[in-house]
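Engineer: Data file entry_38.tsv (TSV, C-alpha atoms and all ligand atoms) is appended below.
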chain	number	residue	atom	x	y	z
K	443	MET	CA	68.73	-84.08	-41.74
K	444	VAL	CA	67.53	-87.69	-42.21
K	445	ARG	CA	65.39	-88.51	-45.20
K	446	VAL	CA	62.19	-90.22	-44.11
K	447	ASP	CA	60.72	-92.09	-47.06
K	448	LEU	CA	57.12	-92.96	-46.19
K	449	ARG	CA	55.88	-93.20	-49.79
K	450	SER	CA	55.60	-96.99	-49.82
K	451	ASP	CA	56.89	-100.19	-48.26
K	452	THR	CA	58.44	-100.98	-51.66
K	453	VAL	CA	61.29	-98.47	-51.18
K	454	THR	CA	63.35	-100.77	-48.94
K	455	SER	CA	66.82	-102.10	-49.80
K	456	PRO	CA	67.65	-105.81	-49.45
K	457	THR	CA	69.16	-106.68	-46.07
K	458	PRO	CA	72.81	-107.83	-45.83
K	459	ALA	CA	71.54	-111.40	-45.25
K	460	MET	CA	69.47	-111.20	-48.45
K	461	ARG	CA	72.47	-109.97	-50.45
K	462	ARG	CA	74.62	-112.82	-49.11
K	463	ALA	CA	71.93	-115.39	-49.94
K	464	MET	CA	71.60	-113.94	-53.43
K	465	ALA	CA	75.35	-114.20	-54.01
K	466	ASP	CA	75.41	-117.81	-52.79
K	467	ALA	CA	72.15	-118.98	-54.41
K	468	GLU	CA	72.09	-122.32	-56.19
K	469	VAL	CA	70.46	-121.71	-59.58
K	470	GLY	CA	69.24	-123.44	-62.75
K	471	ASP	CA	67.01	-122.55	-65.69
K	472	ASP	CA	63.53	-122.02	-64.29
K	473	GLY	CA	62.19	-122.09	-67.85
K	474	TYR	CA	62.91	-125.83	-67.58
K	475	GLY	CA	61.71	-125.93	-63.95
K	476	GLU	CA	65.32	-126.54	-62.89
K	477	ASP	CA	66.07	-123.74	-60.47
K	478	PRO	CA	66.31	-125.40	-57.04
K	479	THR	CA	66.05	-122.14	-55.10
K	480	VAL	CA	62.88	-121.12	-56.95
K	481	ARG	CA	61.46	-124.61	-56.28
K	482	ARG	CA	62.24	-124.22	-52.57
K	483	LEU	CA	60.59	-120.80	-52.40
K	484	GLU	CA	57.48	-122.03	-54.21
K	485	LYS	CA	57.16	-125.09	-51.97
K	486	ARG	CA	57.65	-122.98	-48.88
K	487	VAL	CA	54.98	-120.42	-49.81
K	488	ALA	CA	52.53	-123.14	-50.90
K	489	GLU	CA	52.91	-124.73	-47.43
K	490	MET	CA	52.58	-121.43	-45.59
K	491	LEU	CA	49.40	-120.58	-47.50
K	492	GLY	CA	47.95	-124.10	-47.38
K	493	LYS	CA	47.82	-124.58	-51.14
K	494	GLU	CA	49.11	-127.47	-53.27
K	495	THR	CA	51.51	-125.44	-55.37
K	496	ALA	CA	52.82	-121.93	-55.97
K	497	LEU	CA	54.46	-119.94	-58.74
K	498	PHE	CA	57.22	-117.34	-58.38
K	499	VAL	CA	56.43	-114.26	-60.49
K	500	PRO	CA	58.16	-110.90	-61.00
K	501	SER	CA	55.40	-108.75	-59.47
K	502	GLY	CA	52.19	-108.72	-57.50
K	503	THR	CA	50.42	-107.26	-60.47
K	504	MET	CA	51.39	-110.26	-62.60
K	505	ALA	CA	50.21	-112.64	-59.88
K	506	ASN	CA	46.82	-110.92	-59.78
K	507	GLN	CA	46.60	-110.96	-63.57
K	508	ILE	CA	47.44	-114.67	-63.85
K	509	ALA	CA	44.86	-115.46	-61.17
K	510	LEU	CA	42.11	-113.59	-63.01
K	511	CYS	CA	43.03	-115.35	-66.27
K	512	LEU	CA	42.70	-118.71	-64.50
K	513	LEU	CA	39.43	-118.06	-62.67
K	514	THR	CA	37.41	-116.22	-65.32
K	515	ARG	CA	36.37	-116.33	-68.97
K	516	PRO	CA	36.69	-113.40	-71.40
K	517	GLY	CA	33.62	-111.19	-71.46
K	518	THR	CA	32.58	-111.89	-67.88
K	519	ALA	CA	32.87	-109.86	-64.67
K	520	VAL	CA	34.77	-110.11	-61.40
K	521	ILE	CA	33.24	-108.83	-58.18
K	522	ALA	CA	35.69	-106.47	-56.49
K	523	GLY	CA	35.76	-103.70	-53.92
K	524	ARG	CA	35.80	-100.37	-55.71
K	525	ARG	CA	39.04	-99.18	-54.12
K	526	CYS	CA	41.18	-102.28	-54.50
K	527	HIS	CA	44.55	-102.52	-56.23
K	528	VAL	CA	43.50	-104.80	-59.07
K	529	VAL	CA	40.74	-102.32	-59.95
K	530	ASN	CA	42.56	-98.99	-59.63
K	531	HIS	CA	46.31	-99.47	-59.61
K	532	GLU	CA	47.13	-101.92	-62.41
K	533	ARG	CA	46.57	-99.63	-65.42
K	534	GLY	CA	43.45	-101.50	-66.48
K	535	ALA	CA	45.44	-104.73	-66.89
K	536	SER	CA	42.48	-107.04	-66.27
K	537	ALA	CA	40.71	-105.64	-69.33
K	538	ARG	CA	43.75	-106.53	-71.45
K	539	ASN	CA	44.84	-109.82	-69.94
K	540	ALA	CA	41.80	-111.70	-68.70
K	541	LEU	CA	39.46	-109.57	-70.87
K	542	VAL	CA	37.09	-109.08	-67.96
K	543	GLN	CA	35.31	-106.15	-66.40
K	544	PHE	CA	34.61	-105.51	-62.74
K	545	ALA	CA	31.31	-105.59	-60.91
K	546	LEU	CA	32.26	-103.00	-58.29
K	547	VAL	CA	30.81	-103.05	-54.80
K	548	ASP	CA	31.44	-100.87	-51.75
K	549	ASP	CA	34.35	-101.99	-49.56
K	550	PRO	CA	34.50	-100.13	-46.24
K	551	CYS	CA	37.65	-101.39	-44.43
K	552	GLY	CA	38.11	-103.78	-47.37
K	553	VAL	CA	34.96	-105.70	-46.50
K	554	LEU	CA	32.81	-106.46	-49.55
K	555	ASP	CA	29.20	-105.35	-49.48
K	556	LEU	CA	27.71	-108.86	-49.63
K	557	ARG	CA	24.22	-107.76	-50.59
K	558	ALA	CA	25.60	-105.91	-53.60
K	559	ALA	CA	27.80	-108.89	-54.46
K	560	ARG	CA	24.80	-111.26	-54.39
K	561	GLU	CA	22.84	-108.84	-56.54
K	562	ALA	CA	25.66	-108.73	-59.11
K	563	MET	CA	25.71	-112.54	-59.19
K	564	ALA	CA	21.94	-112.76	-59.65
K	565	ALA	CA	21.83	-110.06	-62.31
K	566	ALA	CA	23.10	-112.35	-65.10
K	567	ALA	CA	19.57	-113.75	-65.25
K	568	HIS	CA	18.34	-110.20	-65.94
K	569	HIS	CA	20.39	-109.23	-69.00
K	570	HIS	CA	23.51	-108.27	-67.00
K	571	VAL	CA	27.05	-109.55	-67.47
K	572	GLU	CA	27.84	-112.96	-65.97
K	573	VAL	CA	30.07	-112.94	-62.87
K	574	THR	CA	32.75	-115.65	-62.84
K	575	ALA	CA	34.97	-114.80	-59.86
K	576	ILE	CA	35.42	-112.64	-56.75
K	577	THR	CA	38.56	-110.89	-55.55
K	578	ILE	CA	39.35	-109.51	-52.11
K	579	GLU	CA	42.41	-107.73	-50.69
K	580	ASN	CA	44.03	-108.41	-47.29
K	581	THR	CA	45.26	-106.13	-45.88
K	582	ALA	CA	43.00	-103.60	-47.58
K	583	MET	CA	45.44	-100.96	-48.82
K	584	ALA	CA	43.05	-98.09	-49.48
K	585	SER	CA	41.63	-98.43	-45.95
K	586	GLY	CA	45.01	-97.82	-44.34
K	587	ALA	CA	46.16	-101.42	-44.72
K	588	THR	CA	43.37	-102.81	-42.56
K	589	PRO	CA	43.23	-106.58	-41.96
K	590	LEU	CA	39.96	-108.18	-42.98
K	591	PRO	CA	37.92	-109.87	-40.24
K	592	LEU	CA	37.84	-113.67	-40.69
K	593	GLU	CA	34.05	-113.51	-41.10
K	594	ALA	CA	34.45	-111.20	-44.11
K	595	ILE	CA	36.87	-113.63	-45.77
K	596	ASP	CA	34.66	-116.63	-45.06
K	597	ALA	CA	31.57	-114.75	-46.26
K	598	ALA	CA	33.25	-113.89	-49.59
K	599	ALA	CA	34.29	-117.53	-49.98
K	600	SER	CA	30.78	-118.74	-49.23
K	601	LEU	CA	29.25	-116.78	-52.11
K	602	GLY	CA	30.06	-119.83	-54.21
K	603	LEU	CA	32.33	-118.41	-56.93
K	604	PRO	CA	36.10	-118.93	-57.25
K	605	LEU	CA	37.79	-116.47	-54.89
K	606	HIS	CA	41.13	-114.73	-55.49
K	607	LEU	CA	42.90	-113.21	-52.52
K	608	ASP	CA	45.25	-110.31	-53.21
K	609	GLY	CA	47.47	-110.84	-50.19
K	610	ALA	CA	50.19	-108.38	-51.16
K	611	ARG	CA	50.39	-107.75	-47.40
K	612	LEU	CA	48.88	-111.00	-46.11
K	613	PHE	CA	51.68	-111.45	-43.58
K	614	ASN	CA	50.96	-108.01	-42.13
K	615	ALA	CA	47.39	-109.22	-41.64
K	616	ALA	CA	48.59	-112.45	-40.03
K	617	VAL	CA	50.90	-110.63	-37.60
K	618	ALA	CA	48.25	-108.05	-36.73
K	619	THR	CA	45.38	-110.49	-36.16
K	620	GLY	CA	47.19	-113.56	-34.83
K	621	SER	CA	45.53	-115.75	-37.47
K	622	SER	CA	47.93	-117.82	-39.57
K	623	ALA	CA	48.45	-116.94	-43.22
K	624	GLU	CA	47.05	-120.40	-44.00
K	625	ARG	CA	43.82	-119.62	-42.14
K	626	LEU	CA	43.50	-116.23	-43.83
K	627	ALA	CA	43.95	-117.88	-47.24
K	628	ARG	CA	41.73	-120.90	-46.58
K	629	GLY	CA	38.62	-119.91	-48.50
K	630	ALA	CA	40.51	-118.64	-51.54
K	631	GLU	CA	41.28	-120.71	-54.61
K	632	THR	CA	44.25	-118.52	-55.58
K	633	VAL	CA	46.32	-116.34	-53.25
K	634	MET	CA	49.13	-113.96	-54.01
K	635	CYS	CA	51.62	-112.51	-51.58
K	636	CYS	CA	54.39	-109.98	-52.21
K	637	LEU	CA	57.94	-110.53	-51.04
K	638	SER	CA	58.90	-107.01	-52.08
K	639	LYS	CA	56.55	-104.99	-49.87
K	640	GLY	CA	56.89	-105.12	-46.09
K	641	LEU	CA	59.06	-108.25	-46.27
K	642	GLY	CA	61.80	-106.19	-47.89
K	643	ALA	CA	62.95	-108.50	-50.71
K	644	PRO	CA	64.08	-106.64	-53.84
K	645	VAL	CA	61.85	-108.42	-56.40
K	646	GLY	CA	59.04	-110.90	-56.56
K	647	SER	CA	55.65	-112.20	-55.58
K	648	VAL	CA	54.22	-115.69	-55.31
K	649	LEU	CA	50.86	-117.00	-56.51
K	650	ALA	CA	49.62	-120.04	-54.58
K	651	LEU	CA	47.01	-122.24	-56.23
K	652	PRO	CA	45.60	-125.77	-56.65
K	653	GLY	CA	48.00	-128.24	-58.27
K	654	ALA	CA	45.56	-128.86	-61.12
K	655	ARG	CA	45.94	-125.22	-62.15
K	656	ARG	CA	49.74	-125.12	-62.19
K	657	ASP	CA	50.23	-125.87	-65.90
K	658	ALA	CA	47.67	-123.25	-66.93
K	659	ALA	CA	49.34	-120.75	-64.60
K	660	LEU	CA	52.74	-121.52	-66.16
K	661	ASP	CA	51.23	-120.84	-69.59
K	662	GLU	CA	49.76	-117.50	-68.50
K	663	ARG	CA	53.04	-116.46	-66.86
K	664	LYS	CA	54.89	-117.28	-70.07
K	665	ARG	CA	52.38	-115.28	-72.16
K	666	MET	CA	52.87	-112.25	-69.91
K	667	GLY	CA	56.63	-112.48	-70.26
K	668	GLY	CA	57.09	-113.50	-66.64
K	669	ALA	CA	58.98	-116.76	-67.12
K	670	MET	CA	62.46	-116.16	-65.72
K	671	ARG	CA	65.68	-118.12	-66.01
K	672	GLN	CA	68.25	-118.23	-63.14
K	673	ALA	CA	65.66	-116.60	-60.89
K	674	GLY	CA	67.12	-118.35	-57.85
K	675	VAL	CA	69.16	-115.22	-57.15
K	676	LEU	CA	65.84	-113.45	-56.54
K	677	ALA	CA	64.09	-116.35	-54.84
K	678	ALA	CA	67.01	-116.61	-52.39
K	679	ALA	CA	66.24	-113.11	-51.13
K	680	GLY	CA	62.58	-114.09	-50.88
K	681	LEU	CA	63.43	-117.09	-48.69
K	682	VAL	CA	65.43	-114.85	-46.34
K	683	ALA	CA	62.47	-112.45	-46.29
K	684	LEU	CA	60.15	-115.27	-45.17
K	685	ASP	CA	62.67	-116.44	-42.55
K	686	THR	CA	63.58	-113.11	-41.02
K	687	MET	CA	61.12	-110.36	-41.93
K	688	ILE	CA	57.64	-111.54	-40.92
K	689	ASP	CA	57.70	-111.23	-37.13
K	690	ARG	CA	59.29	-107.78	-37.28
K	691	LEU	CA	56.26	-106.43	-39.21
K	692	ALA	CA	54.80	-105.74	-35.74
K	693	ASP	CA	57.42	-102.97	-35.41
K	694	ASP	CA	56.14	-101.33	-38.61
K	695	HIS	CA	52.59	-101.50	-37.26
K	696	ALA	CA	53.62	-99.90	-33.95
K	697	ARG	CA	55.47	-97.11	-35.78
K	698	ALA	CA	52.48	-96.49	-38.06
K	699	GLU	CA	50.35	-96.16	-34.94
K	700	VAL	CA	52.64	-93.36	-33.73
K	701	LEU	CA	52.20	-91.61	-37.09
K	702	ARG	CA	48.44	-92.19	-36.90
K	703	ASP	CA	48.36	-90.47	-33.52
K	704	ALA	CA	50.28	-87.53	-34.97
K	705	VAL	CA	47.88	-87.22	-37.92
K	706	GLU	CA	44.87	-87.51	-35.60
K	707	HIS	CA	46.34	-84.85	-33.35
K	708	ARG	CA	46.90	-82.44	-36.26
K	709	TRP	CA	43.67	-83.25	-38.17
K	710	PRO	CA	41.21	-84.85	-35.72
K	711	GLY	CA	38.91	-87.54	-37.07
K	712	ARG	CA	40.79	-88.22	-40.29
K	713	ALA	CA	43.10	-91.17	-39.77
K	714	ARG	CA	41.45	-93.69	-37.44
K	715	ASP	CA	39.83	-96.64	-39.13
K	716	PRO	CA	36.60	-97.68	-37.41
K	717	GLY	CA	38.04	-101.07	-36.47
K	718	GLY	CA	41.14	-99.45	-34.99
K	719	ASN	CA	43.43	-102.23	-36.20
K	720	ALA	CA	45.14	-100.78	-39.29
K	721	THR	CA	48.67	-102.08	-39.89
K	722	ASN	CA	51.58	-100.30	-41.59
K	723	MET	CA	49.82	-97.35	-43.24
K	724	VAL	CA	48.12	-94.12	-42.37
K	725	VAL	CA	45.62	-93.00	-45.02
K	726	PHE	CA	43.80	-89.69	-44.58
K	727	ARG	CA	42.02	-86.93	-46.49
K	728	HIS	CA	43.63	-83.53	-46.97
K	729	ASP	CA	42.04	-80.81	-49.10
K	730	ALA	CA	45.43	-79.55	-50.32
K	731	ALA	CA	47.24	-82.88	-50.52
K	732	ASP	CA	49.77	-81.82	-53.16
K	733	GLU	CA	50.80	-78.77	-51.16
K	734	LEU	CA	51.08	-80.90	-48.02
K	735	LEU	CA	53.34	-83.38	-49.83
K	736	ALA	CA	55.58	-80.58	-51.10
K	737	TRP	CA	55.71	-79.00	-47.63
K	738	LEU	CA	56.68	-82.34	-46.05
K	739	ALA	CA	59.24	-83.09	-48.79
K	740	ALA	CA	60.94	-79.76	-48.09
K	741	ARG	CA	61.44	-81.16	-44.56
K	742	GLU	CA	62.81	-84.46	-45.86
K	743	VAL	CA	59.57	-86.36	-45.20
K	744	LEU	CA	58.33	-88.13	-48.34
K	745	ALA	CA	54.65	-89.10	-48.48
K	746	GLY	CA	52.36	-90.07	-51.35
K	747	THR	CA	48.75	-89.95	-52.50
K	748	ILE	CA	46.56	-92.89	-53.58
K	749	ALA	CA	43.64	-90.82	-54.91
K	750	PRO	CA	42.92	-87.10	-55.27
K	751	GLY	CA	43.09	-85.60	-51.79
K	752	VAL	CA	43.99	-88.92	-50.12
K	753	VAL	CA	47.42	-88.95	-48.47
K	754	ARG	CA	49.29	-92.13	-47.53
K	755	LEU	CA	52.17	-92.66	-45.10
K	756	VAL	CA	53.73	-96.13	-45.02
K	757	THR	CA	56.15	-97.63	-42.51
K	758	HIS	CA	58.64	-100.36	-43.43
K	759	CYS	CA	61.87	-102.02	-42.35
K	760	ASP	CA	64.07	-99.08	-43.38
K	761	ILE	CA	62.22	-96.66	-41.07
K	762	ASP	CA	63.42	-96.41	-37.47
K	763	ASP	CA	62.18	-94.59	-34.37
K	764	ALA	CA	64.35	-91.51	-34.97
K	765	GLN	CA	62.83	-91.12	-38.42
K	766	ILE	CA	59.33	-91.48	-36.96
K	767	ASP	CA	60.13	-88.75	-34.41
K	768	HIS	CA	61.26	-86.49	-37.22
K	769	ALA	CA	58.06	-87.15	-39.21
K	770	VAL	CA	55.89	-86.60	-36.12
K	771	ARG	CA	57.49	-83.19	-35.53
K	772	ALA	CA	56.91	-82.24	-39.17
K	773	LEU	CA	53.27	-83.39	-39.07
K	774	ALA	CA	52.62	-81.34	-35.92
K	775	GLU	CA	53.43	-78.13	-37.85
K	776	ALA	CA	52.08	-79.14	-41.25
K	777	PRO	CA	49.63	-76.86	-43.11
K	801	LIG	C1	51.69	-103.54	-54.52
K	801	LIG	C2	50.40	-104.22	-54.61
K	801	LIG	C3	50.11	-105.08	-55.67
K	801	LIG	C4	51.03	-105.24	-56.87
K	801	LIG	O1	52.33	-105.57	-56.60
K	801	LIG	P1	53.51	-105.08	-57.58
K	801	LIG	O2	54.63	-105.98	-57.21
K	801	LIG	O3	53.75	-103.64	-57.28
K	801	LIG	O4	53.05	-105.29	-58.99
K	801	LIG	C5	48.90	-105.72	-55.67
K	801	LIG	N1	48.01	-105.54	-54.67
K	801	LIG	C6	48.25	-104.72	-53.64
K	801	LIG	C7	47.24	-104.59	-52.56
K	801	LIG	C8	49.45	-104.02	-53.58
K	801	LIG	O5	49.67	-103.19	-52.57
Would you encode the structure as structure tokens?

Structural biologist:
Amino acid sequence: MVRVDLRSDTVTSPTPAMRRAMADAEVGDDGYGEDPTVRRLEKRVAEMLGKETALFVPSGTMANQIALCLLTRPGTAVIAGRRCHVVNHERGASARNALVQFALVDDPCGVLDLRAAREAMAAAAHHHVEVTAITIENTAMASGATPLPLEAIDAAASLGLPLHLDGARLFNAAVATGSSAERLARGAETVMCCLSKGLGAPVGSVLALPGARRDAALDERKRMGGAMRQAGVLAAAGLVALDTMIDRLADDHARAEVLRDAVEHRWPGRARDPGGNATNMVVFRHDAADELLAWLAAREVLAGTIAPGVVRLVTHCDIDDAQIDHAVRALAEAP
């Protein structure tokens, strides 16, 4: 029986082309800014996202953390959707690194509740904590990897505070909506994208930002232990990911749609997002999620949970149609 690993789009192996590029990569000491492959990757991502510069970092979490250090001051708050990654899935890192707290607002389909955001901003004049930045996530993971509408991005940018965009899956959003990554990132001061999620690279994320912030970002990366040396072997895989793995994300989205249909068929009304444009995930409630996961695992289908009673299935480049068929058959009989 085939193993169908739908836990995350991080479980992929590097493609043969990535492994060849890694073996052949030209390298130098990036601690001295002398790794030509890292430089190429950073320049490339900065151009794609329409920013002046970019920084290669080991993980998306570190990119988010550096961004919050740059945009905030200790003892202030960041407006964020209550279900987003930087709030729930980074082990409280923002409280340790940037020394900030979150002003949480509702985020249906990843869209910030603007009224609540404005209230949080105004509240500093009424004995509340000062808000120094806003963060949004595109695609919105907890909503089944839903792309944000352009209006929601522009509205968050127009609130008038520095905006960070967690674009771990920004290229999924670009492929799904037809807007360029540059357009999706336009209102944000800092943007991070992951090479190691749907794009299939083994390691790495990139934080794009204004040139005037590059030195401060280098300092924060160093403090967090994220300054690497001959990192060109990793950046080389990232460049192949950008060259070869973006357009094919549409296949992941189509396969997730097949899974979404299967979940909807088995548990009606659970898996459809209201906008109907979710990308490479199916997120749904199940009262006995742990039992469901064990039942599926016994049939070689691996799924995960992102909150109590919230199941997640994720498609990626190492999942093919035969594996989807297998998962669909399992879901049809699932308890
Ligand atoms: C995975 C993810 C991150 C963090 O990336 P890591 O490389 O796992 O640290 C940040 N934001 C979102 C939305 C993610 O899905």

Engineer: Pick from K:Leu681, K:Val675, K:Asp693, K:Glu742: nearest to K:Asp477, with all atoms listed in the file counted?

Structural biologist: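 Closest residue, counting all atoms listed in the file: K:Val675.
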
Engineer: I'd like the contact shell of K:Gly609 - 6 Å cut-off, all atoms listed in the file, skipping same-chain residues fewer than 5 positions apart - returned as a PyMOL selection string.

Structural biologist: chain K and resi 579-580+634-635

Engineer: What gap, in Å, lies between atom CA of K:Ala584 and atom CA of K:Thr747?

Structural biologist: 10.4 Å

Engineer: So which one's closest to ligand LIG 801 (chain K), K:Asp608, K:Asp472, K:Asp596, K:Glu572? Using only C-alpha atoms and all ligand atoms, please.

Structural biologist: K:Asp608

Engineer: One decimal, Å: what's the distance from atom CA of K:Ile578 over to atom CA of K:Leu607, could you say?

Structural biologist: 5.1 Å

Engineer: Please identify every polymer residue within 7 Å of ligand LIG 801 (chain K), using all atoms listed in the file, and present the set as a PDB file with C-alpha atoms, in the frame of the given file.

Structural biologist:
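Generated output (result_37.pdb):
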ATOM      1  CA  SER K 501      55.400-108.750 -59.470  1.00  0.00           C
ATOM      2  CA  GLY K 502      52.190-108.720 -57.500  1.00  0.00           C
ATOM      3  CA  THR K 503      50.420-107.260 -60.470  1.00  0.00           C
ATOM      4  CA  MET K 504      51.390-110.260 -62.600  1.00  0.00           C
ATOM      5  CA  ASN K 506      46.820-110.920 -59.780  1.00  0.00           C
ATOM      6  CA  CYS K 526      41.180-102.280 -54.500  1.00  0.00           C
ATOM      7  CA  HIS K 527      44.550-102.520 -56.230  1.00  0.00           C
ATOM      8  CA  VAL K 528      43.500-104.800 -59.070  1.00  0.00           C
ATOM      9  CA  GLU K 579      42.410-107.730 -50.690  1.00  0.00           C
ATOM     10  CA  ALA K 582      43.000-103.600 -47.580  1.00  0.00           C
ATOM     11  CA  MET K 583      45.440-100.960 -48.820  1.00  0.00           C
ATOM     12  CA  ASP K 608      45.250-110.310 -53.210  1.00  0.00           C
ATOM     13  CA  GLY K 609      47.470-110.840 -50.190  1.00  0.00           C
ATOM     14  CA  ALA K 610      50.190-108.380 -51.160  1.00  0.00           C
ATOM     15  CA  ARG K 611      50.390-107.750 -47.400  1.00  0.00           C
ATOM     16  CA  CYS K 636      54.390-109.980 -52.210  1.00  0.00           C
ATOM     17  CA  SER K 638      58.900-107.010 -52.080  1.00  0.00           C
ATOM     18  CA  LYS K 639      56.550-104.990 -49.870  1.00  0.00           C
ATOM     19  CA  GLY K 646      59.040-110.900 -56.560  1.00  0.00           C
ATOM     20  CA  SER K 647      55.650-112.200 -55.580  1.00  0.00           C
TER      21      SER K 647
END

Engineer: Please indicate the distance in Å from atom CA of K:Val770 to atom CA of K:Pro591, rounded to one decimal place.

Structural biologist: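 Separating atom CA of K:Val770 from atom CA of K:Pro591 is a distance of 29.7 Å.
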
Engineer: Just need the box for stretch 697-705 of chain K, edges along x, y and z, holding every atom the file lists for it with 6 Å tacked onto each side, so centre and edge lengths in Å to one decimal, as JSON.

Structural biologist:
{"center_x": 51.7, "center_y": -92.2, "center_z": -35.8, "size_x": 19.6, "size_y": 21.9, "size_z": 16.5}

Engineer: Check the smallest atom-to-atom distance from each of K:Ala749, K:Leu510, K:Leu556, K:Leu483 to K:Ala535 using all atoms listed in the file, then report the winner.

Structural biologist: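 When distances to K:Ala535 are compared using all atoms listed in the file, the smallest one comes from K:Leu510.
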
Engineer: For K:Leu491, list every protein, DNA or RNA residue within 12 Å, evaluated using all atoms listed in the file, and leave out those in the same chain fewer than 2 positions away; present the list as a PyMOL selection string.

Structural biologist: chain K and resi 484-489+493-496+607+609+612-613+616+621-635+648-652

Engineer: Give me the residues within 7 Å of K:Val542 as a PDB file with C-alpha atoms, keeping the file's coordinate frame, counting all atoms listed in the file and dropping any in the same chain fewer than 6 places off.

Structural biologist:
ATOM      1  CA  PRO K 516      36.690-113.400 -71.400  1.00  0.00           C
ATOM      2  CA  GLY K 517      33.620-111.190 -71.460  1.00  0.00           C
ATOM      3  CA  THR K 518      32.580-111.890 -67.880  1.00  0.00           C
ATOM      4  CA  ALA K 519      32.870-109.860 -64.670  1.00  0.00           C
ATOM      5  CA  SER K 536      42.480-107.040 -66.270  1.00  0.00           C
TER       6      SER K 536
END

Engineer: Need to verify the contact set: K:Ala559, 10 Å, all atoms listed in the file, exclusion of same-chain residues closer than 6 positions in sequence. Can you return it as a list in words?

Structural biologist: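 The contact residues come out as Val520, Ile521, Ala522, Gly523, Ala545, Leu546, Val547, Asp548, Ala565, Val573, Ile576, Ala598 and Leu601 of chain K.
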
Engineer: Choose the residue, out of K:Arg462, K:His758, K:Arg525, K:Arg481, that has the smallest atom-to-atom separation from K:Ala692; count only C-alpha atoms.

Structural biologist: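 Smallest separation from K:Ala692 among the options: K:His758.
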
Engineer: Might you pull out every residue within 6 Å of K:Ala575, with only C-alpha atoms counted and same-chain residues fewer than 6 positions away left off, and present them as a PDB file with C-alpha atoms, keeping the file's coordinate frame?

Structural biologist:
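The resulting selection_17.pdb:
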ATOM      1  CA  VAL K 520      34.770-110.110 -61.400  1.00  0.00           C
ATOM      2  CA  LEU K 603      32.330-118.410 -56.930  1.00  0.00           C
ATOM      3  CA  PRO K 604      36.100-118.930 -57.250  1.00  0.00           C
ATOM      4  CA  LEU K 605      37.790-116.470 -54.890  1.00  0.00           C
TER       5      LEU K 605
END

Engineer: Using only C-alpha atoms, which residue out of K:Pro458, K:Pro500, K:Pro589, K:Gly473 lies closest to K:Gly668?

Structural biologist: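 Among the listed residues, K:Pro500 lies closest to K:Gly668.
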